[in-house]
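Below is the file entry-v1.pdb, which contains PDB, C-alpha atoms, pLDDT in the B column.
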```pdb
ATOM      1  CA  MET P 170      80.890 160.887  78.215  1.00 90.00           C
ATOM      2  CA  PRO P 171      82.320 158.563  80.892  1.00 96.00           C
ATOM      3  CA  LEU P 172      83.624 160.066  84.107  1.00 98.00           C
ATOM      4  CA  VAL P 173      87.391 159.588  84.422  1.00 98.00           C
ATOM      5  CA  LYS P 174      89.059 159.001  87.782  1.00 98.00           C
ATOM      6  CA  ILE P 175      92.833 158.858  88.097  1.00 98.00           C
ATOM      7  CA  CYS P 176      93.627 157.081  91.347  1.00 97.00           C
ATOM      8  CA  GLY P 177      96.637 156.587  93.587  1.00 97.00           C
ATOM      9  CA  LEU P 178      98.167 160.014  93.061  1.00 98.00           C
ATOM     10  CA  MET P 179     101.180 160.760  95.229  1.00 98.00           C
ATOM     11  CA  ASP P 180     102.773 163.990  94.018  1.00 97.00           C
ATOM     12  CA  MET P 181     101.811 167.418  92.727  1.00 97.00           C
ATOM     13  CA  VAL P 182     103.140 166.756  89.220  1.00 97.00           C
ATOM     14  CA  ALA P 183     100.776 163.822  88.710  1.00 97.00           C
ATOM     15  CA  VAL P 184      97.872 165.796  90.189  1.00 98.00           C
ATOM     16  CA  THR P 185      98.544 168.719  87.850  1.00 98.00           C
ATOM     17  CA  VAL P 186      98.825 166.477  84.807  1.00 98.00           C
ATOM     18  CA  ALA P 187      95.566 164.693  85.649  1.00 98.00           C
ATOM     19  CA  VAL P 188      93.744 167.999  86.141  1.00 98.00           C
ATOM     20  CA  ASP P 189      95.145 169.577  82.973  1.00 97.00           C
ATOM     21  CA  ALA P 190      94.365 166.448  80.936  1.00 97.00           C
ATOM     22  CA  GLY P 191      90.699 166.637  81.933  1.00 97.00           C
ATOM     23  CA  ALA P 192      90.200 164.150  84.771  1.00 98.00           C
ATOM     24  CA  ASP P 193      86.825 164.395  86.498  1.00 98.00           C
ATOM     25  CA  ALA P 194      88.031 162.888  89.774  1.00 98.00           C
ATOM     26  CA  ILE P 195      91.385 162.225  91.432  1.00 98.00           C
ATOM     27  CA  GLY P 196      91.907 159.588  94.085  1.00 98.00           C
ATOM     28  CA  PHE P 197      94.244 159.461  97.062  1.00 98.00           C
ATOM     29  CA  VAL P 198      94.840 156.166  98.840  1.00 98.00           C
ATOM     30  CA  PHE P 199      94.685 156.030 102.639  1.00 98.00           C
ATOM     31  CA  ALA P 200      94.748 152.224 102.870  1.00 95.00           C
ATOM     32  CA  ASP P 201      97.684 149.814 103.048  1.00 93.00           C
ATOM     33  CA  SER P 202      99.291 150.224  99.611  1.00 93.00           C
ATOM     34  CA  VAL P 203     102.471 151.333  97.850  1.00 95.00           C
ATOM     35  CA  ARG P 204     100.352 154.343  96.860  1.00 96.00           C
ATOM     36  CA  ARG P 205      99.386 155.277 100.396  1.00 97.00           C
ATOM     37  CA  VAL P 206      99.739 158.946 101.352  1.00 98.00           C
ATOM     38  CA  SER P 207      98.975 160.910 104.491  1.00 98.00           C
ATOM     39  CA  ALA P 208      95.867 163.049 104.656  1.00 98.00           C
ATOM     40  CA  ARG P 209      97.982 166.169 105.090  1.00 98.00           C
ATOM     41  CA  HIS P 210     100.106 165.341 102.050  1.00 98.00           C
ATOM     42  CA  ALA P 211      96.999 164.690  99.938  1.00 98.00           C
ATOM     43  CA  ALA P 212      95.542 168.018 101.076  1.00 98.00           C
ATOM     44  CA  ALA P 213      98.762 169.845 100.195  1.00 98.00           C
ATOM     45  CA  ILE P 214      99.184 168.447  96.680  1.00 98.00           C
ATOM     46  CA  SER P 215      95.508 168.907  95.812  1.00 97.00           C
ATOM     47  CA  ALA P 216      95.006 172.353  97.363  1.00 96.00           C
ATOM     48  CA  ARG P 217      94.741 174.109  93.990  1.00 95.00           C
ATOM     49  CA  VAL P 218      92.526 171.547  92.278  1.00 97.00           C
ATOM     50  CA  PRO P 219      89.423 173.229  90.759  1.00 97.00           C
ATOM     51  CA  ARG P 220      86.196 172.576  92.655  1.00 95.00           C
ATOM     52  CA  ARG P 221      84.645 170.898  89.597  1.00 97.00           C
ATOM     53  CA  ILE P 222      87.072 167.988  90.045  1.00 98.00           C
ATOM     54  CA  LYS P 223      86.151 165.530  92.776  1.00 98.00           C
ATOM     55  CA  ARG P 224      88.856 164.699  95.310  1.00 98.00           C
ATOM     56  CA  VAL P 225      88.315 161.125  96.442  1.00 98.00           C
ATOM     57  CA  ALA P 226      89.490 159.568  99.705  1.00 98.00           C
ATOM     58  CA  VAL P 227      90.119 155.894  98.940  1.00 98.00           C
ATOM     59  CA  MET P 228      90.007 153.685 102.042  1.00 97.00           C
ATOM     60  CA  LEU P 229      89.507 150.041 102.960  1.00 96.00           C
ATOM     61  CA  HIS P 230      87.754 148.972 106.174  1.00 96.00           C
ATOM     62  CA  PRO P 231      88.846 152.053 108.125  1.00 98.00           C
ATOM     63  CA  THR P 232      87.753 152.590 111.692  1.00 97.00           C
ATOM     64  CA  ASN P 233      85.483 155.576 112.140  1.00 98.00           C
ATOM     65  CA  ASP P 234      88.325 157.383 113.920  1.00 98.00           C
ATOM     66  CA  GLU P 235      90.671 156.788 110.973  1.00 98.00           C
ATOM     67  CA  TRP P 236      88.046 158.082 108.580  1.00 98.00           C
ATOM     68  CA  GLN P 237      87.347 161.173 110.701  1.00 98.00           C
ATOM     69  CA  LYS P 238      91.055 162.061 110.747  1.00 98.00           C
ATOM     70  CA  VAL P 239      91.177 161.836 106.941  1.00 98.00           C
ATOM     71  CA  ARG P 240      87.955 163.789 106.627  1.00 98.00           C
ATOM     72  CA  THR P 241      89.212 166.573 108.874  1.00 97.00           C
ATOM     73  CA  SER P 242      92.714 166.866 107.401  1.00 97.00           C
ATOM     74  CA  PHE P 243      91.977 166.177 103.741  1.00 98.00           C
ATOM     75  CA  GLN P 244      88.359 167.357 103.462  1.00 97.00           C
ATOM     76  CA  PRO P 245      87.466 165.127 100.489  1.00 98.00           C
ATOM     77  CA  ASP P 246      84.490 165.495  98.185  1.00 98.00           C
ATOM     78  CA  VAL P 247      83.996 161.720  98.066  1.00 98.00           C
ATOM     79  CA  LEU P 248      84.654 158.711 100.286  1.00 98.00           C
ATOM     80  CA  GLN P 249      85.332 155.475  98.403  1.00 98.00           C
ATOM     81  CA  THR P 250      85.432 152.300 100.459  1.00 97.00           C
ATOM     82  CA  ASP P 251      83.776 148.883 100.541  1.00 94.00           C
ATOM     83  CA  LEU P 252      79.981 148.872 100.668  1.00 92.00           C
ATOM     84  CA  ALA P 253      79.802 147.293 104.144  1.00 92.00           C
ATOM     85  CA  ASP P 254      82.043 149.991 105.616  1.00 97.00           C
ATOM     86  CA  PHE P 255      79.338 152.606 105.211  1.00 97.00           C
ATOM     87  CA  ASP P 256      77.216 150.751 107.760  1.00 95.00           C
ATOM     88  CA  TYR P 257      79.369 152.077 110.588  1.00 97.00           C
ATOM     89  CA  LEU P 258      81.135 155.147 109.192  1.00 98.00           C
ATOM     90  CA  ASP P 259      79.831 158.621 109.970  1.00 98.00           C
ATOM     91  CA  VAL P 260      79.793 160.417 106.604  1.00 98.00           C
ATOM     92  CA  PRO P 261      78.350 163.957 106.526  1.00 96.00           C
ATOM     93  CA  GLU P 262      75.753 164.781 103.884  1.00 94.00           C
ATOM     94  CA  GLY P 263      78.134 167.029 101.953  1.00 95.00           C
ATOM     95  CA  ILE P 264      80.474 164.114 101.135  1.00 98.00           C
ATOM     96  CA  GLU P 265      79.524 161.705  98.350  1.00 98.00           C
ATOM     97  CA  LYS P 266      79.636 157.958  98.984  1.00 98.00           C
ATOM     98  CA  TRP P 267      81.172 155.693  96.335  1.00 98.00           C
ATOM     99  CA  PRO P 268      80.795 152.145  97.663  1.00 96.00           C
ATOM    100  CA  VAL P 269      83.126 149.536  96.189  1.00 94.00           C
ATOM    101  CA  MET P 270      81.439 146.389  94.882  1.00 92.00           C
ATOM    102  CA  ARG P 271      83.762 143.464  94.243  1.00 89.00           C
ATOM    103  CA  GLU P 272      83.498 140.788  91.595  1.00 84.00           C
ATOM    104  CA  GLY P 273      82.214 137.548  93.084  1.00 79.00           C
ATOM    105  CA  THR P 274      81.054 139.159  96.315  1.00 74.00           C
ATOM    106  CA  MET P 275      77.952 141.048  95.222  1.00 69.00           C
ATOM    107  CA  PRO P 276      75.233 141.441  97.877  1.00 61.00           C
ATOM    108  CA  ALA P 277      72.098 139.325  97.662  1.00 57.00           C
ATOM    109  CA  GLY P 278      69.048 140.792  95.993  1.00 62.00           C
ATOM    110  CA  ASP P 279      68.615 143.190  93.139  1.00 65.00           C
ATOM    111  CA  GLN P 280      69.234 146.436  94.973  1.00 79.00           C
ATOM    112  CA  LEU P 281      72.440 148.227  94.023  1.00 86.00           C
ATOM    113  CA  PRO P 282      73.686 151.636  95.154  1.00 90.00           C
ATOM    114  CA  GLU P 283      72.900 154.531  92.818  1.00 92.00           C
ATOM    115  CA  ILE P 284      76.604 154.938  92.115  1.00 96.00           C
ATOM    116  CA  PHE P 285      79.324 152.368  92.819  1.00 96.00           C
ATOM    117  CA  VAL P 286      82.869 151.337  91.918  1.00 96.00           C
ATOM    118  CA  TYR P 287      83.162 147.825  90.497  1.00 95.00           C
ATOM    119  CA  GLU P 288      86.479 146.016  90.661  1.00 92.00           C
ATOM    120  CA  SER P 289      88.187 142.702  91.309  1.00 82.00           C
ATOM    121  CA  LYS P 290      88.458 141.092  94.743  1.00 73.00           C
ATOM    122  CA  ALA P 291      91.830 142.758  95.404  1.00 70.00           C
ATOM    123  CA  SER P 292      92.104 146.538  95.058  1.00 67.00           C
ATOM    124  CA  GLY P 293      95.092 147.786  93.095  1.00 61.00           C
ATOM    125  CA  SER P 294      95.918 144.335  91.760  1.00 64.00           C
ATOM    126  CA  GLY P 295      95.409 145.275  88.115  1.00 72.00           C
ATOM    127  CA  GLU P 296      93.035 142.347  87.603  1.00 79.00           C
ATOM    128  CA  ILE P 297      90.389 142.775  84.908  1.00 90.00           C
ATOM    129  CA  VAL P 298      86.818 141.926  85.869  1.00 92.00           C
ATOM    130  CA  ASP P 299      84.430 139.943  83.673  1.00 92.00           C
ATOM    131  CA  TRP P 300      83.200 142.669  81.333  1.00 94.00           C
ATOM    132  CA  GLN P 301      80.095 140.740  80.291  1.00 93.00           C
ATOM    133  CA  LEU P 302      78.928 140.511  83.890  1.00 91.00           C
ATOM    134  CA  ALA P 303      79.956 144.111  84.481  1.00 93.00           C
ATOM    135  CA  ALA P 304      77.846 145.206  81.503  1.00 94.00           C
ATOM    136  CA  GLN P 305      74.758 143.697  83.107  1.00 91.00           C
ATOM    137  CA  LEU P 306      75.444 145.436  86.413  1.00 91.00           C
ATOM    138  CA  ALA P 307      76.158 148.729  84.649  1.00 93.00           C
ATOM    139  CA  LYS P 308      72.551 148.798  83.450  1.00 92.00           C
ATOM    140  CA  ARG P 309      71.353 148.894  87.070  1.00 89.00           C
ATOM    141  CA  GLY P 310      73.257 151.882  88.371  1.00 91.00           C
ATOM    142  CA  LYS P 311      76.047 154.362  87.786  1.00 96.00           C
ATOM    143  CA  MET P 312      79.010 151.992  87.632  1.00 97.00           C
ATOM    144  CA  ILE P 313      82.563 153.278  87.770  1.00 98.00           C
ATOM    145  CA  LEU P 314      84.525 150.423  86.207  1.00 97.00           C
ATOM    146  CA  ALA P 315      87.938 149.662  87.713  1.00 96.00           C
ATOM    147  CA  GLY P 316      90.432 146.815  87.565  1.00 91.00           C
ATOM    148  CA  GLY P 317      93.185 146.369  85.004  1.00 93.00           C
ATOM    149  CA  LEU P 318      92.218 149.253  82.751  1.00 96.00           C
ATOM    150  CA  ASN P 319      94.897 150.860  80.612  1.00 97.00           C
ATOM    151  CA  ILE P 320      95.333 152.922  77.461  1.00 97.00           C
ATOM    152  CA  ALA P 321      95.060 149.886  75.180  1.00 97.00           C
ATOM    153  CA  ASN P 322      91.942 148.239  76.616  1.00 97.00           C
ATOM    154  CA  VAL P 323      89.817 151.104  77.925  1.00 97.00           C
ATOM    155  CA  PRO P 324      88.149 151.810  74.550  1.00 97.00           C
ATOM    156  CA  GLU P 325      86.935 148.205  74.388  1.00 97.00           C
ATOM    157  CA  ALA P 326      85.868 148.321  78.026  1.00 97.00           C
ATOM    158  CA  ILE P 327      83.724 151.373  77.331  1.00 97.00           C
ATOM    159  CA  ARG P 328      82.139 149.717  74.285  1.00 96.00           C
ATOM    160  CA  GLU P 329      81.499 146.414  76.072  1.00 96.00           C
ATOM    161  CA  VAL P 330      80.416 147.623  79.510  1.00 96.00           C
ATOM    162  CA  ALA P 331      79.037 151.130  78.850  1.00 96.00           C
ATOM    163  CA  PRO P 332      79.983 152.269  82.373  1.00 97.00           C
ATOM    164  CA  PHE P 333      79.102 155.596  83.956  1.00 98.00           C
ATOM    165  CA  GLY P 334      82.822 156.089  84.570  1.00 98.00           C
ATOM    166  CA  VAL P 335      86.251 154.461  84.544  1.00 98.00           C
ATOM    167  CA  ASP P 336      88.925 154.341  87.242  1.00 97.00           C
ATOM    168  CA  VAL P 337      92.630 153.763  86.585  1.00 97.00           C
ATOM    169  CA  SER P 338      95.738 153.557  88.749  1.00 95.00           C
ATOM    170  CA  SER P 339      98.398 150.989  87.787  1.00 94.00           C
ATOM    171  CA  GLY P 340      97.464 151.358  84.101  1.00 95.00           C
ATOM    172  CA  VAL P 341      99.032 154.818  83.994  1.00 97.00           C
ATOM    173  CA  GLU P 342     102.211 153.951  85.899  1.00 96.00           C
ATOM    174  CA  SER P 343     105.776 153.175  84.872  1.00 95.00           C
ATOM    175  CA  ALA P 344     106.306 151.332  88.179  1.00 94.00           C
ATOM    176  CA  PRO P 345     104.092 150.654  91.223  1.00 92.00           C
ATOM    177  CA  GLY P 346     103.088 154.043  92.610  1.00 93.00           C
ATOM    178  CA  LYS P 347     104.985 155.987  89.923  1.00 96.00           C
ATOM    179  CA  LYS P 348     102.520 157.811  87.673  1.00 97.00           C
ATOM    180  CA  GLU P 349     103.673 158.625  84.130  1.00 97.00           C
ATOM    181  CA  SER P 350     102.428 161.913  82.736  1.00 97.00           C
ATOM    182  CA  THR P 351     102.183 160.776  79.122  1.00 98.00           C
ATOM    183  CA  LYS P 352     100.169 157.719  80.148  1.00 98.00           C
ATOM    184  CA  ILE P 353      97.714 159.805  82.168  1.00 98.00           C
ATOM    185  CA  GLN P 354      97.157 162.103  79.197  1.00 98.00           C
ATOM    186  CA  ALA P 355      96.862 159.214  76.745  1.00 98.00           C
ATOM    187  CA  PHE P 356      94.400 157.347  78.963  1.00 98.00           C
ATOM    188  CA  ILE P 357      92.079 160.318  79.294  1.00 98.00           C
ATOM    189  CA  ASN P 358      92.316 160.991  75.555  1.00 97.00           C
ATOM    190  CA  ALA P 359      91.439 157.354  74.860  1.00 97.00           C
ATOM    191  CA  VAL P 360      88.392 157.539  77.137  1.00 98.00           C
ATOM    192  CA  ARG P 361      87.166 160.746  75.511  1.00 96.00           C
ATOM    193  CA  ALA P 362      87.595 159.318  72.024  1.00 95.00           C
ATOM    194  CA  ALA P 363      85.804 156.085  72.932  1.00 94.00           C
ATOM    195  CA  GLY P 364      83.040 157.997  74.665  1.00 86.00           C
ATOM    196  CA  SER P 365      82.500 160.220  71.623  1.00 86.00           C
ATOM    197  CA  ALA P 366      82.414 157.213  69.304  1.00 76.00           C
ATOM    198  CA  THR P 367      79.860 155.498  71.518  1.00 72.00           C
ATOM    199  CA  GLU P 368      77.629 158.561  71.591  1.00 69.00           C
ATOM    200  CA  GLU P 369      77.847 158.964  67.811  1.00 65.00           C
ATOM    201  CA  ALA P 370      76.880 155.335  67.323  1.00 65.00           C
ATOM    202  CA  LYS P 371      73.664 155.965  69.272  1.00 67.00           C
ATOM    203  CA  VAL P 372      72.573 158.787  66.973  1.00 53.00           C
TER     204      VAL P 372
END
```
Please render this file's structure as structure tokens.
Amino acid sequence: MPLVKICGLMDMVAVTVAVDAGADAIGFVFADSVRRVSARHAAAISARVPRRIKRVAVMLHPTNDEWQKVRTSFQPDVLQTDLADFDYLDVPEGIEKWPVMREGTMPAGDQLPEIFVYESKASGSGEIVDWQLAAQLAKRGKMILAGGLNIANVPEAIREVAPFGVDVSSGVESAPGKKESTKIQAFINAVRAAGSATEEAKV
């Protein structure tokens, strides 16, 4: 069953809905974005999240000092940022690394991280990646597919790409940064249904 990450959460209502609907991971944005929150705010609205659900710090080219402030105040389970950023960031062993790989800017060679987020060149833009190319990359590691996913297209994305997980933000919003509870629930339900159908087809 694909991992489901609901990203760009900004208030406790959206966090609670995502948790109750069965999200596996919830993301908080600490980069320049309409969805940006402070580390303290993210810590406050996610304080009661069960330990089984990964709390993800989403950043973009942070300095090590910026990352350390988020790490200390928010205490995330996962750091998600561009692959190259991990070359200079000090990430303790207890925090998972989810490097972001961008369409059209893949590193040379065949080596891919064990787990990675795959999205378009611009984070949060809602642009869909080439699913055929993504399907090939998904065979080489645990890909969390992002970029333009929504309730209507995520079943097809799961069938076409067979990703390890899916990541949604704008696809469950009524306006930029405004999460809609019914959309969060419907998205997760759609992923679960598509995942079950895919598993049944393999039997």
Next item on the list: Would you list the contacts of stretch 189-201 of chain P as an NGL selection string, taking every protein, DNA or RNA residue within 8 Å and counting all atoms listed in the file, but skipping same-chain residues closer than 4 positions in sequence?
Entry: :P and (172-179 or 184-185 or 205-208 or 211 or 221-229 or 231 or 353-354 or 357-358)
Include C-alpha atoms and write out the residues we just selected as a JSON list (two decimals), keeping the file's coordinate frame.
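The resulting file, result_19.json, is reproduced below:
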```json
[["chain", "number", "residue", "atom", "x", "y", "z"],
["P", 172, "LEU", "CA", 83.62, 160.07, 84.11],
["P", 173, "VAL", "CA", 87.39, 159.59, 84.42],
["P", 174, "LYS", "CA", 89.06, 159.00, 87.78],
["P", 175, "ILE", "CA", 92.83, 158.86, 88.10],
["P", 176, "CYS", "CA", 93.63, 157.08, 91.35],
["P", 177, "GLY", "CA", 96.64, 156.59, 93.59],
["P", 178, "LEU", "CA", 98.17, 160.01, 93.06],
["P", 179, "MET", "CA", 101.18, 160.76, 95.23],
["P", 184, "VAL", "CA", 97.87, 165.80, 90.19],
["P", 185, "THR", "CA", 98.54, 168.72, 87.85],
["P", 205, "ARG", "CA", 99.39, 155.28, 100.40],
["P", 206, "VAL", "CA", 99.74, 158.95, 101.35],
["P", 207, "SER", "CA", 98.98, 160.91, 104.49],
["P", 208, "ALA", "CA", 95.87, 163.05, 104.66],
["P", 211, "ALA", "CA", 97.00, 164.69, 99.94],
["P", 221, "ARG", "CA", 84.64, 170.90, 89.60],
["P", 222, "ILE", "CA", 87.07, 167.99, 90.04],
["P", 223, "LYS", "CA", 86.15, 165.53, 92.78],
["P", 224, "ARG", "CA", 88.86, 164.70, 95.31],
["P", 225, "VAL", "CA", 88.32, 161.12, 96.44],
["P", 226, "ALA", "CA", 89.49, 159.57, 99.70],
["P", 227, "VAL", "CA", 90.12, 155.89, 98.94],
["P", 228, "MET", "CA", 90.01, 153.68, 102.04],
["P", 229, "LEU", "CA", 89.51, 150.04, 102.96],
["P", 231, "PRO", "CA", 88.85, 152.05, 108.12],
["P", 353, "ILE", "CA", 97.71, 159.80, 82.17],
["P", 354, "GLN", "CA", 97.16, 162.10, 79.20],
["P", 357, "ILE", "CA", 92.08, 160.32, 79.29],
["P", 358, "ASN", "CA", 92.32, 160.99, 75.56]]
```
Note to self: Would you pick out the contacts of P:Lys311 at 6 Å or less, using only C-alpha atoms, so that residues sharing its chain but fewer than 2 positions from it are not included, and give the list as a list in words?
What the structure shows: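 These residues fall inside the cut-off: Glu283, Ile284 and Phe333 of chain P.
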Check: Which residue gives the smallest distance to P:Lys266 among P:Gln249, P:Ser202, P:Asn322, P:Asn233, with only C-alpha atoms counted?
Finding: P:Gln249
Next item on the list: I would like the residues chosen by the PyMOL selection byres ((chain P and resi 349) around 12) on the shown file; could you give them as a ChimeraX atom specification?
Entry: /P:175,177-180,182-187,338-348,350-356
Margin query: To one decimal place in Å, what is the distance between atom CA of P:Gly364 and atom CA of P:Asp251?
Written below: 27.4 Å
Next item on the list: Just give me the gap between atom CA of P:His230 and atom CA of P:Val218 in Å, one decimal is fine.
Entry: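 Between atom CA of P:His230 and atom CA of P:Val218 the gap is 26.9 Å.
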Notebook entry, point to check: What does the distance from atom CA of P:Pro332 to atom CA of P:Gln280 come to in Å, to one decimal?
Noted result: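 Interatomic distance here is 17.6 Å.
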Box time for stretch 178-182 of chain P: axis-aligned, enclosing all its listed atoms, 4 Å extra on each side; report centre and edge lengths in Å to one decimal, as lines of an AutoDock Vina configuration file.
```
center_x = 100.7
center_y = 163.7
center_z = 92.2
size_x = 13.0
size_y = 15.4
size_z = 14.0
```
Could you name the residues that touch P:Ser289 at 12 Å or less, counting only C-alpha atoms, but leaving out those on the same chain fewer than 6 positions away, as a short mmCIF file (atom, residue, chain, number, x, y, z; two decimals) with C-alpha atoms, in the coordinates of the input?
```
data_model
loop_
_atom_site.label_atom_id
_atom_site.label_comp_id
_atom_site.auth_asym_id
_atom_site.auth_seq_id
_atom_site.Cartn_x
_atom_site.Cartn_y
_atom_site.Cartn_z
CA ASP P 251 83.78 148.88 100.54
CA VAL P 269 83.13 149.54 96.19
CA MET P 270 81.44 146.39 94.88
CA ARG P 271 83.76 143.46 94.24
CA GLU P 272 83.50 140.79 91.60
CA GLY P 273 82.21 137.55 93.08
CA THR P 274 81.05 139.16 96.32
CA MET P 275 77.95 141.05 95.22
CA GLY P 295 95.41 145.28 88.12
CA GLU P 296 93.04 142.35 87.60
CA ILE P 297 90.39 142.78 84.91
CA VAL P 298 86.82 141.93 85.87
CA ASP P 299 84.43 139.94 83.67
CA TRP P 300 83.20 142.67 81.33
CA ALA P 303 79.96 144.11 84.48
CA LEU P 314 84.52 150.42 86.21
CA ALA P 315 87.94 149.66 87.71
CA GLY P 316 90.43 146.82 87.56
CA GLY P 317 93.18 146.37 85.00
CA LEU P 318 92.22 149.25 82.75
#
```
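On the file presented, the PyMOL selection byres ((chain P and resi 240-242) around 9) picks out P:Ala208, P:Arg209, P:Ala211, P:Ala212, P:Ala226, P:Glu235, P:Trp236, P:Gln237, P:Lys238, P:Val239, P:Phe243, P:Gln244, P:Pro245, P:Leu248, P:Val260.
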Note to self: When you count all atoms listed in the file, which of these residues is closest to P:Met312: P:Asp336, P:Glu325, P:Glu265, P:Asp259?
What the structure shows: P:Asp336
Notebook entry, point to check: Can you tell me, as a PyMOL selection string, what residues are no more than 7 Å from P:Gln301 when counting all atoms listed in the file, ignoring any on the same chain fewer than 3 positions away?
Noted result: chain P and resi 304-305+330
Checklist line | Residue nearest P:Ala253 - candidates P:Val188, P:Leu281, P:Pro268, P:Pro324, atoms counted: only C-alpha atoms | finding: P:Pro268
